[in-house]
Amino acid sequence: MTPLAALISRQRPGWTLDRDFYAVPDIAAVDLDAIWYRRWLFVAASCELAERGAFVTLQIGDEPIMLVRGNDDQARAFANVCRHRGSRICAAQSGRVHRLVCPYHAWTYDLDGRLLSDVGAHDAAAEDHGLKKLATAEIGGLIFVSLAADPPDIAPMRAAFAPSFAPQGLGQARIAKQVDYRVAANWKIVFENNRECLHCPTAHREYIRANYDIHLDDPRRADEIAARTLAEARRWSAMGLEPPTLISDMTASWYRVNRTPLVPGFVTESLDGKPVAPVMGSYPTHDVGTLRATVFPNFWLHGSGDHAVATRLLPDGPGATRVRVTWFVDAKAEEGRDYSLERLLPFWQLTSEQDWTLCENVQLGVASRAYVPGPLARVKERNVAQFIAWYLDALRGHATP
Amino acid sequence: MTPLAALISRQRPGWTLDRDFYAVPDIAAVDLDAIWYRRWLFVAASCELAERGAFVTLQIGDEPIMLVRGNDDQARAFANVCRHRGSRICAAQSGRVHRLVCPYHAWTYDLDGRLLSDVGAHDAAAEDHGLKKLATAEIGGLIFVSLAADPPDIAPMRAAFAPSFAPQGLGQARIAKQVDYRVAANWKIVFENNRECLHCPTAHREYIRANYDIHLDDPRRADEIAARTLAEARRWSAMGLEPPTLISDMTASWYRVNRTPLVPGFVTESLDGKPVAPVMGSYPTHDVGTLRATVFPNFWLHGSGDHAVATRLLPDGPGATRVRVTWFVDAKAEEGRDYSLERLLPFWQLTSEQDWTLCENVQLGVASRAYVPGPLARVKERNVAQFIAWYLDALRGHATP
Amino acid sequence: MTPLAALISRQRPGWTLDRDFYAVPDIAAVDLDAIWYRRWLFVAASCELAERGAFVTLQIGDEPIMLVRGNDDQARAFANVCRHRGSRICAAQSGRVHRLVCPYHAWTYDLDGRLLSDVGAHDAAAEDHGLKKLATAEIGGLIFVSLAADPPDIAPMRAAFAPSFAPQGLGQARIAKQVDYRVAANWKIVFENNRECLHCPTAHREYIRANYDIHLDDPRRADEIAARTLAEARRWSAMGLEPPTLISDMTASWYRVNRTPLVPGFVTESLDGKPVAPVMGSYPTHDVGTLRATVFPNFWLHGSGDHAVATRLLPDGPGATRVRVTWFVDAKAEEGRDYSLERLLPFWQLTSEQDWTLCENVQLGVASRAYVPGPLARVKERNVAQFIAWYLDALRGHATP
């Protein structure tokens, strides 16, 4: 048994992970190999690559990636690495090009990655030196990439996401704002924070005004929530939306999508519950609860009737995570006329930034040798336990051979 | 024999250490385990925790610590780590609280570390999840902490320090100023610098005006100093102060306290030798020489009749040390009326900052492969040799098993 | 076979190196041992140490170095490390002194490195504690140093450089400007960039206006260049300058010097081809083509009839190189009267900074696991292949024992 396998088998279900998983560079490297270079990762929204030749770049661990919309309207991801001398090809974060031209010696690639240059002078064949392609999937206006040669089957996730995301209209949305953060906490601490709302009453004053605590231990309150969820479900079905569930669990899965009710009086996730933008996509009305989606290891989204907010995580060593939060509104909405950032942003900007502070506190604490795993709440932190179980399982597959 | 044990046994008494001890991350990690997580460390003055619920936080290597005055007036140190999810509990450097409440999920601890929350929802018992307690000792107005389960016996140090420190009145002092430095030098270089004054004529113009060079090789000058020390000792004894010695050595010990004479004309360690604040504590007069105390690995203090200056070291990797210098005056002294920082600070601020520059030069030199250990002066650097011997001995105990 | 030897033997001639050579700290450490601490390195120009007691300091890897002009007019290099406690002796980047005095305890050395202080109090002998001397060679106004106990034979390089450099007059030149850069690329990427001009048409608009592409594949153009080179060679020989060659190769050597023609209409490497300063050294006229010299691993120079530009590389970990570019003019030239920086600097400042950007792109790309070695152009990148062959050979000698 490798030391990693022994460490994994020592973890106690229902308790937080050992210190090493949050603080040790060697395990951060294992996380790259076992998770970040193997799983499907959210990289960008379809509307960031609306036109042919539009591209977006990003860095995943050591890997510089570019995502390009081809002349056949397909989105494709490539290693952003020239096959000649290894130069990064696209330096900009985004832009639009006709060909992919390396700035070093002008090796030129078509938008599908084929090398167009004559490389005869190099004793090499152009067909052997196309850009390295990465698996890419475009689902409901979201683009996912995997660095693995043989990535997990994404068909079940597509089947679950496509109908739920269709009315949100992300594929033709406008990006109202993107904010980038560097959070001084391991990516797992950031995701664990997302998987429970036990901290919401303490930390998220704004969030809890709009949202139910659907894991309330008080059985009478649970009945009330169940009754409202049932009523909302009937209303949404009448509109042709996908039926919701009461379940926020992700047992045995690495993705989930669901629609949940807001508290009465809130038609959107805004500070006052009133609309902040025109109705989005093909929704018939503002009042559609919230569409919530989660994909391990790097994505979650909250979609209201008039806007949506997506969060993308990327690891930055054992003790930091780069986070991008993106606000979407309907493509036809115009800033100033139809919406203002002052009303659109605060709900999730405040809630997100409150979370980053909580996560940074955890990173500082778990790095201590005095830290020992703590007990997760049976009900209200069960999704944290599920996230940890998923994570350890992904590592287990990696540690065994 | 482990490689570390072999390296230790290769060190030559009376010479500086090999390069690795000053520059290699692996040995900085050994220093944490063998010294910083085992020995008694100065953390704060009693007067920084004057009231019940007052707290101070600090970081020792990877360990976030909080020091809290309890409702029984005891100072207690804890790992600043919540037993639930590992969050740092107190983020502020200092403050005052009624309870210790984690900002994440509001787990609440009494000032003595007991968990007050109901953790039934977690399948855990509150009594098993109190804060991790650290050994704490409050002596003469100074608070020392050890991260070890079984720290060294501090009773002999208490016996030596308590009577000497009593008249200085640190327990009820006022902090006039605290200055924090990050010195780009290994902590041992900083302490070695403190353990000899051979560099004083070259580097400390202000310091040598006030202080004798008590290791002068000239035997006639030695007689003069011995005579003055004897005369001063008689005068201090008549005041009821502890008798001084001529000895600045720390052979076979990790602490020392002593009173030494200033040169005639200097009643305090100030630039002009004249008082800079009202008489401190229970001293009958300004003119009491200087009380000097040293505790390996992180503390020294110079106490004059009207003020005292304490220096606290904390390691920050192989090549850096965080240093806090604290100036104390009598609790009844008021800035502007009884003292001014312009007169109080310069003597030790200048001397300290001169030392940090010297230490940073040494760090740059000893990192070179061209550096080889150099010969310490038999007399004037013998205390450096003693510090090194103490250090190697502490590591030896750690390297053997 | 060690893992390093296996890695070396896996490299394919005519292709770029594996990722590890550009990105891994362990190999950066091997580079220090096998290259930077063994080979001859350009450190400074003679005119930077014009007077007795003049010194220059620099850092090579972990090694702080000082270079001093002695009272016998010899330039000598020493480890900038005091033999007492290891302090760096000279903190300034340059200056002038009568003795070398350590700022810590005033140990004093003569300009030839002898310890002048009485160290009797240390149980040590002064003659055993002189400064560590480094091999030094002054050739054609350039000073080279080796940290090796037994450096490569520099006599052949001296024989090649001395006559070619003599008319350039670097020994009595004026330094018009020095610019320091930190380029975020491995030093080998920076040198590989220098060894080919295949990227010039893409990246160096200014450079290619003045210079022939002497590797043009078009045989008719090659004839034209050969004819012009022959004509220029006759003209230069008539002036008493060393005969040039068509060869820019460095096969089986770690240095080269050559004179090459500029394109007609350019008498110097300036943006418009017109002179930017008075004739330099003992040249009879501005129009002398360009003197080009290269020394692996850290030096190249372009000398025109009126100025010269030297580039010095120093490694800064696996992913960065500190670069100093120095512009020389004739000693009698006065800024404002005889030359202006606005006309002197742009040609090589633009070209250099364009190169640094290219190199930083390569560093970002080759760090990717998607990077695989690429094929070098047979003709136009053959000098890159030679540099790589030289480098691997230097490592091979180091990896075998």
# chains A, B, ... in the order shown; residues from 1 in each chain; ligands from 1
>>> interface_residues(of="chain B", to="chain C", cutoff="6 Å", atoms="only C-alpha atoms", output="PyMOL selection string")
chain B and resi 199+361-362+365-366+368+374-378
>>> write_last_selection(atoms="all heavy atoms", output="short mmCIF file (atom, residue, chain, number, x, y, z; two decimals), in the first residue's frame")
data_model
loop_
_atom_site.label_atom_id
_atom_site.label_comp_id
_atom_site.auth_asym_id
_atom_site.auth_seq_id
_atom_site.Cartn_x
_atom_site.Cartn_y
_atom_site.Cartn_z
N HIS B 199 31.00 43.25 17.70
CA HIS B 199 30.65 44.09 16.55
C HIS B 199 30.22 45.50 16.97
O HIS B 199 30.02 46.36 16.12
CB HIS B 199 29.54 43.43 15.73
CG HIS B 199 28.19 43.39 16.41
ND1 HIS B 199 27.80 42.37 17.25
CD2 HIS B 199 27.14 44.25 16.39
CE1 HIS B 199 26.58 42.59 17.70
NE2 HIS B 199 26.16 43.73 17.20
N ASN B 361 23.28 40.79 5.92
CA ASN B 361 24.55 40.58 5.22
C ASN B 361 25.10 39.18 5.48
O ASN B 361 25.64 38.54 4.57
CB ASN B 361 25.60 41.60 5.70
CG ASN B 361 25.45 42.93 4.97
OD1 ASN B 361 25.11 42.97 3.80
ND2 ASN B 361 25.72 44.01 5.69
N VAL B 362 24.98 38.72 6.72
CA VAL B 362 25.48 37.38 7.04
C VAL B 362 24.68 36.32 6.27
O VAL B 362 25.25 35.39 5.70
CB VAL B 362 25.44 37.12 8.56
CG1 VAL B 362 25.80 35.66 8.86
CG2 VAL B 362 26.38 38.06 9.29
N GLY B 365 25.91 36.00 2.85
CA GLY B 365 27.24 35.40 2.74
C GLY B 365 27.24 33.91 3.04
O GLY B 365 27.85 33.12 2.31
N VAL B 366 26.56 33.50 4.10
CA VAL B 366 26.65 32.09 4.48
C VAL B 366 25.90 31.18 3.51
O VAL B 366 26.12 29.97 3.50
CB VAL B 366 26.16 31.83 5.93
CG1 VAL B 366 27.04 32.55 6.93
CG2 VAL B 366 24.69 32.20 6.10
N SER B 368 26.43 31.14 0.51
CA SER B 368 27.42 30.83 -0.53
C SER B 368 28.10 29.50 -0.25
O SER B 368 28.38 29.15 0.89
CB SER B 368 28.48 31.94 -0.56
OG SER B 368 29.60 31.53 -1.31
N GLY B 374 33.85 29.93 10.33
CA GLY B 374 34.94 30.79 10.73
C GLY B 374 35.19 30.70 12.23
O GLY B 374 34.34 30.23 12.99
N PRO B 375 36.38 31.17 12.66
CA PRO B 375 36.77 31.03 14.07
C PRO B 375 36.17 32.15 14.92
O PRO B 375 36.32 33.32 14.63
CB PRO B 375 38.29 31.17 14.00
CG PRO B 375 38.54 32.07 12.82
CD PRO B 375 37.43 31.82 11.84
N LEU B 376 35.50 31.74 16.00
CA LEU B 376 34.95 32.72 16.94
C LEU B 376 36.05 33.20 17.89
O LEU B 376 36.94 32.42 18.25
CB LEU B 376 33.81 32.08 17.74
CG LEU B 376 32.60 31.67 16.89
CD1 LEU B 376 31.67 30.75 17.68
CD2 LEU B 376 31.86 32.90 16.39
N ALA B 377 35.99 34.46 18.27
CA ALA B 377 36.96 34.98 19.23
C ALA B 377 36.77 34.25 20.56
O ALA B 377 35.65 34.09 21.04
CB ALA B 377 36.78 36.48 19.41
N ARG B 378 37.91 33.80 21.11
CA ARG B 378 37.90 33.01 22.36
C ARG B 378 37.06 33.67 23.45
O ARG B 378 36.21 33.04 24.07
CB ARG B 378 39.32 32.87 22.90
CG ARG B 378 40.06 31.63 22.50
CD ARG B 378 41.34 31.50 23.32
NE ARG B 378 42.09 32.76 23.37
CZ ARG B 378 43.01 33.12 22.48
NH1 ARG B 378 43.31 32.32 21.48
NH2 ARG B 378 43.63 34.27 22.59
#
>>> residues_around(residues="C:Leu271", least_positions_apart="3", cutoff="12 Å", atoms="only C-alpha atoms", output="list in words")
His204, Arg205, Glu206, Tyr207, Ile208, Arg209, Ala210, Asn211, Gly265, Phe266, Val267, Thr268, Lys274, Pro275, Val276, Glu342, Arg343, Leu344, Leu345, Pro346, Phe347, Trp348, Gln349, Leu350 and Thr351 of chain C
>>> select_by_dssp(residues="stretch 184-245 of chain A", states="alpha helix (DSSP H)", output="PyMOL selection string")
chain A and resi 187-194+200-203+205-210+219-238
>>> write_last_selection(atoms="N, CA, C and O atoms", output="compact mmCIF listing (two decimals), in the first residue's frame")
# COMPACT_ATOMS: atom_id res chain seq x y z
N TRP A 187 -8.45 24.41 -2.97
CA TRP A 187 -9.71 24.36 -3.74
C TRP A 187 -10.77 23.50 -3.05
O TRP A 187 -11.97 23.77 -3.19
N LYS A 188 -10.36 22.48 -2.30
CA LYS A 188 -11.35 21.62 -1.64
C LYS A 188 -12.06 22.37 -0.51
O LYS A 188 -13.24 22.15 -0.25
N ILE A 189 -11.33 23.25 0.16
CA ILE A 189 -11.95 24.08 1.20
C ILE A 189 -13.00 24.98 0.56
O ILE A 189 -14.08 25.19 1.12
N VAL A 190 -12.70 25.49 -0.63
CA VAL A 190 -13.66 26.37 -1.31
C VAL A 190 -14.89 25.58 -1.72
O VAL A 190 -16.02 26.04 -1.58
N PHE A 191 -14.68 24.34 -2.20
CA PHE A 191 -15.85 23.57 -2.63
C PHE A 191 -16.63 23.06 -1.42
O PHE A 191 -17.88 23.03 -1.45
N GLU A 192 -15.95 22.67 -0.37
CA GLU A 192 -16.66 22.24 0.85
C GLU A 192 -17.55 23.37 1.37
O GLU A 192 -18.67 23.13 1.83
N ASN A 193 -17.02 24.57 1.30
CA ASN A 193 -17.81 25.72 1.75
C ASN A 193 -19.08 25.85 0.93
O ASN A 193 -20.16 26.17 1.46
N ASN A 194 -19.00 25.55 -0.37
CA ASN A 194 -20.17 25.66 -1.23
C ASN A 194 -21.20 24.58 -0.94
O ASN A 194 -22.39 24.75 -1.23
N CYS A 200 -24.56 29.59 6.78
CA CYS A 200 -25.26 30.75 6.23
C CYS A 200 -25.83 31.68 7.30
O CYS A 200 -25.68 32.90 7.19
N PRO A 201 -26.48 31.14 8.33
CA PRO A 201 -27.01 32.07 9.34
C PRO A 201 -25.91 32.91 9.99
O PRO A 201 -26.12 34.08 10.32
N THR A 202 -24.70 32.33 10.17
CA THR A 202 -23.60 33.07 10.78
C THR A 202 -22.98 34.07 9.82
O THR A 202 -22.65 35.20 10.21
N ALA A 203 -22.85 33.68 8.55
CA ALA A 203 -21.99 34.45 7.64
C ALA A 203 -22.71 35.17 6.52
O ALA A 203 -22.16 36.11 5.95
N ARG A 205 -25.87 37.10 5.79
CA ARG A 205 -27.09 37.82 6.12
C ARG A 205 -27.97 38.03 4.87
O ARG A 205 -29.18 37.87 4.92
N GLU A 206 -27.36 38.40 3.77
CA GLU A 206 -28.13 38.71 2.56
C GLU A 206 -28.72 37.44 1.95
O GLU A 206 -29.89 37.40 1.54
N TYR A 207 -27.89 36.39 1.91
CA TYR A 207 -28.32 35.17 1.25
C TYR A 207 -29.53 34.56 1.92
O TYR A 207 -30.47 34.09 1.26
N ILE A 208 -29.52 34.55 3.26
CA ILE A 208 -30.60 33.82 3.96
C ILE A 208 -31.91 34.58 3.94
O ILE A 208 -32.95 34.01 4.28
N ARG A 209 -31.90 35.84 3.54
CA ARG A 209 -33.19 36.53 3.39
C ARG A 209 -33.96 35.97 2.19
O ARG A 209 -35.17 36.00 2.17
N ALA A 210 -33.25 35.48 1.19
CA ALA A 210 -33.88 35.04 -0.06
C ALA A 210 -34.12 33.54 -0.11
O ALA A 210 -34.96 33.06 -0.87
N PRO A 219 -38.91 19.66 12.25
CA PRO A 219 -39.76 18.94 11.28
C PRO A 219 -40.97 19.76 10.82
O PRO A 219 -41.42 19.60 9.69
N ARG A 220 -41.48 20.68 11.69
CA ARG A 220 -42.62 21.48 11.25
C ARG A 220 -42.22 22.39 10.10
O ARG A 220 -42.90 22.56 9.12
N ARG A 221 -41.02 23.02 10.22
CA ARG A 221 -40.52 23.90 9.17
C ARG A 221 -40.26 23.10 7.88
O ARG A 221 -40.55 23.58 6.79
N ALA A 222 -39.80 21.86 8.07
CA ALA A 222 -39.53 21.01 6.90
C ALA A 222 -40.83 20.77 6.13
O ALA A 222 -40.85 20.79 4.90
N ASP A 223 -41.94 20.57 6.87
CA ASP A 223 -43.23 20.37 6.21
C ASP A 223 -43.61 21.60 5.40
O ASP A 223 -44.08 21.49 4.26
N GLU A 224 -43.42 22.76 6.02
CA GLU A 224 -43.77 24.02 5.34
C GLU A 224 -42.98 24.14 4.02
O GLU A 224 -43.53 24.48 2.98
N ILE A 225 -41.67 23.83 4.09
CA ILE A 225 -40.83 23.94 2.90
C ILE A 225 -41.26 22.93 1.85
O ILE A 225 -41.36 23.25 0.66
N ALA A 226 -41.54 21.72 2.32
CA ALA A 226 -41.95 20.69 1.38
C ALA A 226 -43.25 21.11 0.68
O ALA A 226 -43.39 20.93 -0.55
N ALA A 227 -44.16 21.68 1.43
CA ALA A 227 -45.44 22.11 0.85
C ALA A 227 -45.20 23.20 -0.19
O ALA A 227 -45.74 23.17 -1.31
N ARG A 228 -44.34 24.18 0.15
CA ARG A 228 -44.07 25.26 -0.82
C ARG A 228 -43.34 24.71 -2.05
O ARG A 228 -43.64 25.11 -3.17
N THR A 229 -42.44 23.79 -1.84
CA THR A 229 -41.71 23.23 -2.97
C THR A 229 -42.68 22.51 -3.91
O THR A 229 -42.60 22.65 -5.13
N LEU A 230 -43.61 21.77 -3.31
CA LEU A 230 -44.60 21.05 -4.12
C LEU A 230 -45.46 22.03 -4.92
O LEU A 230 -45.67 21.84 -6.13
N ALA A 231 -45.89 23.09 -4.27
CA ALA A 231 -46.72 24.10 -4.96
C ALA A 231 -45.93 24.75 -6.09
O ALA A 231 -46.44 24.93 -7.21
N GLU A 232 -44.68 25.11 -5.79
CA GLU A 232 -43.85 25.75 -6.81
C GLU A 232 -43.59 24.78 -7.96
O GLU A 232 -43.61 25.18 -9.13
N ALA A 233 -43.40 23.52 -7.62
CA ALA A 233 -43.12 22.52 -8.65
C ALA A 233 -44.28 22.43 -9.63
O ALA A 233 -44.09 22.34 -10.85
N ARG A 234 -45.50 22.47 -9.07
CA ARG A 234 -46.68 22.41 -9.95
C ARG A 234 -46.72 23.63 -10.86
O ARG A 234 -46.99 23.53 -12.05
N ARG A 235 -46.44 24.79 -10.30
CA ARG A 235 -46.46 26.03 -11.07
C ARG A 235 -45.42 25.97 -12.19
O ARG A 235 -45.69 26.32 -13.34
N TRP A 236 -44.19 25.52 -11.83
CA TRP A 236 -43.12 25.46 -12.83
C TRP A 236 -43.45 24.46 -13.94
O TRP A 236 -43.18 24.72 -15.11
N SER A 237 -44.03 23.30 -13.54
CA SER A 237 -44.40 22.30 -14.55
C SER A 237 -45.41 22.87 -15.53
O SER A 237 -45.33 22.63 -16.74
N ALA A 238 -46.32 23.67 -15.00
CA ALA A 238 -47.32 24.30 -15.86
C ALA A 238 -46.66 25.24 -16.87
O ALA A 238 -47.19 25.48 -17.96
>>> residues_around(residues="C:Tyr37", least_positions_apart="6", cutoff="12 Å", atoms="only C-alpha atoms", output="CSV table (one decimal) with N, CA and C atoms, in the first residue's frame")
chain,number,residue,atom,x,y,z
B,368,SER,N,26.4,31.1,0.5
B,368,SER,CA,27.4,30.8,-0.5
B,368,SER,C,28.1,29.5,-0.3
B,369,ARG,N,28.4,28.8,-1.3
B,369,ARG,CA,29.2,27.5,-1.2
B,369,ARG,C,30.6,27.9,-0.8
B,370,ALA,N,31.0,29.1,-1.1
B,370,ALA,CA,32.4,29.6,-0.7
B,370,ALA,C,32.5,29.8,0.8
C,29,ALA,N,19.4,23.3,-10.5
C,29,ALA,CA,20.5,23.1,-9.6
C,29,ALA,C,21.7,22.4,-10.3
C,30,VAL,N,21.4,21.4,-11.1
C,30,VAL,CA,22.4,20.8,-11.9
C,30,VAL,C,23.1,21.8,-12.8
C,31,ASP,N,22.3,22.6,-13.5
C,31,ASP,CA,22.9,23.7,-14.3
C,31,ASP,C,23.9,24.6,-13.6
C,59,GLN,N,25.8,38.5,-8.2
C,59,GLN,CA,25.3,37.3,-7.6
C,59,GLN,C,25.2,36.2,-8.7
C,60,ILE,N,25.9,35.1,-8.5
C,60,ILE,CA,25.8,34.0,-9.5
C,60,ILE,C,25.2,32.8,-8.8
C,61,GLY,N,24.0,32.5,-9.0
C,61,GLY,CA,23.3,31.5,-8.2
C,61,GLY,C,23.3,31.9,-6.8
C,62,ASP,N,23.8,31.0,-5.9
C,62,ASP,CA,23.9,31.3,-4.5
C,62,ASP,C,25.2,32.1,-4.1
C,63,GLU,N,26.0,32.4,-5.1
C,63,GLU,CA,27.4,32.9,-4.9
C,63,GLU,C,27.5,34.4,-5.0
C,65,ILE,N,29.7,37.5,-5.4
C,65,ILE,CA,31.0,37.7,-6.0
C,65,ILE,C,31.4,39.2,-5.9
C,134,LEU,N,38.9,33.6,-7.0
C,134,LEU,CA,38.3,33.0,-8.2
C,134,LEU,C,39.1,33.3,-9.4
C,135,ALA,N,39.2,32.3,-10.3
C,135,ALA,CA,39.9,32.5,-11.6
C,135,ALA,C,39.4,33.6,-12.4
C,145,VAL,N,35.2,35.4,-15.3
C,145,VAL,CA,35.5,34.8,-14.0
C,145,VAL,C,35.0,33.3,-14.1
C,146,SER,N,35.7,32.4,-13.4
C,146,SER,CA,35.2,31.1,-13.2
C,146,SER,C,35.2,30.7,-11.8
C,147,LEU,N,34.1,30.1,-11.3
C,147,LEU,CA,34.0,29.7,-9.9
C,147,LEU,C,34.7,28.3,-9.7
C,148,ALA,N,35.2,27.7,-10.8
C,148,ALA,CA,35.7,26.4,-10.7
C,148,ALA,C,37.2,26.4,-10.2
C,149,ALA,N,37.5,25.4,-9.4
C,149,ALA,CA,38.9,25.2,-9.0
C,149,ALA,C,39.8,25.0,-10.2
C,150,ASP,N,39.3,24.3,-11.2
C,150,ASP,CA,40.1,24.0,-12.4
C,150,ASP,C,39.3,24.3,-13.6
C,151,PRO,N,39.3,25.6,-14.0
C,151,PRO,CA,38.4,26.0,-15.1
C,151,PRO,C,38.9,25.6,-16.4
C,152,PRO,N,38.1,25.6,-17.5
C,152,PRO,CA,38.5,25.3,-18.8
C,152,PRO,C,39.7,26.2,-19.2
C,297,PRO,N,28.2,30.2,-21.2
C,297,PRO,CA,26.8,30.3,-21.2
C,297,PRO,C,26.2,31.7,-21.0
C,314,LEU,N,22.5,35.9,-16.2
C,314,LEU,CA,22.8,35.2,-14.9
C,314,LEU,C,21.5,34.5,-14.6
C,315,PRO,N,21.6,33.2,-14.1
C,315,PRO,CA,20.4,32.4,-13.9
C,315,PRO,C,19.7,32.8,-12.6
C,394,ALA,N,28.1,19.3,-21.5
C,394,ALA,CA,28.6,19.8,-20.2
C,394,ALA,C,27.9,19.0,-19.1
C,398,HIS,N,29.1,15.9,-16.1
C,398,HIS,CA,28.7,16.1,-14.7
C,398,HIS,C,27.9,14.9,-14.1
>>> atom_distance(atom1="atom CA of A:Leu142", atom2="atom CA of A:Ser282")
16.8 Å
>>> residues_around(residues="C:Pro318", least_positions_apart="2", cutoff="7 Å", atoms="only C-alpha atoms", output="list in words")
Tyr22, Ala23, Val24, Pro25, Ala28, Asn186, Asp316 and Ala320 of chain C
>>> atom_distance(atom1="atom CA of A:Thr57", atom2="atom CA of A:Gly140")
20.6 Å
>>> residues_around(residues="B:Asp73", least_positions_apart="6", cutoff="12 Å", atoms="only C-alpha atoms", output="PyMOL selection string")
chain B and resi 46+49-54+111-112+138
>>> write_last_selection(atoms="N, CA, C and O atoms", output="compact mmCIF listing (two decimals), in the first residue's frame")
# COMPACT_ATOMS: atom_id res chain seq x y z
N SER B 46 2.34 40.55 29.99
CA SER B 46 1.10 40.45 30.78
C SER B 46 0.19 41.64 30.54
O SER B 46 -1.04 41.50 30.47
N LEU B 49 -2.54 41.69 28.00
CA LEU B 49 -3.76 40.94 28.34
C LEU B 49 -4.24 41.40 29.70
O LEU B 49 -4.46 40.59 30.61
N ALA B 50 -4.39 42.71 29.88
CA ALA B 50 -4.66 43.23 31.22
C ALA B 50 -6.03 42.80 31.73
O ALA B 50 -6.20 42.47 32.90
N GLU B 51 -7.03 42.74 30.85
CA GLU B 51 -8.39 42.49 31.30
C GLU B 51 -8.88 41.09 30.93
O GLU B 51 -8.39 40.49 29.97
N ARG B 52 -9.86 40.63 31.66
CA ARG B 52 -10.49 39.34 31.33
C ARG B 52 -11.06 39.37 29.91
O ARG B 52 -11.72 40.35 29.54
N GLY B 53 -10.79 38.34 29.15
CA GLY B 53 -11.28 38.28 27.76
C GLY B 53 -10.34 38.93 26.75
O GLY B 53 -10.56 38.81 25.55
N ALA B 54 -9.31 39.61 27.26
CA ALA B 54 -8.34 40.19 26.31
C ALA B 54 -7.57 39.05 25.65
O ALA B 54 -7.25 38.05 26.30
N LEU B 111 -13.71 30.98 27.73
CA LEU B 111 -12.35 31.52 27.73
C LEU B 111 -11.33 30.49 28.22
O LEU B 111 -10.13 30.67 28.02
N ASP B 112 -11.79 29.41 28.85
CA ASP B 112 -10.86 28.34 29.25
C ASP B 112 -10.81 27.21 28.22
O ASP B 112 -10.22 26.17 28.47
N GLU B 138 3.38 32.57 33.27
CA GLU B 138 3.42 34.02 33.38
C GLU B 138 4.42 34.36 34.49
O GLU B 138 4.24 33.99 35.63
>>> atom_distance(atom1="atom CA of B:Phe299", atom2="atom CA of B:Trp327")
13.8 Å
>>> select_by_dssp(residues="stretch 237-388 of chain C", states="strand (DSSP E)", output="number ranges by chain")
C: 255-260, 290-295, 299-303, 308-315, 321-329
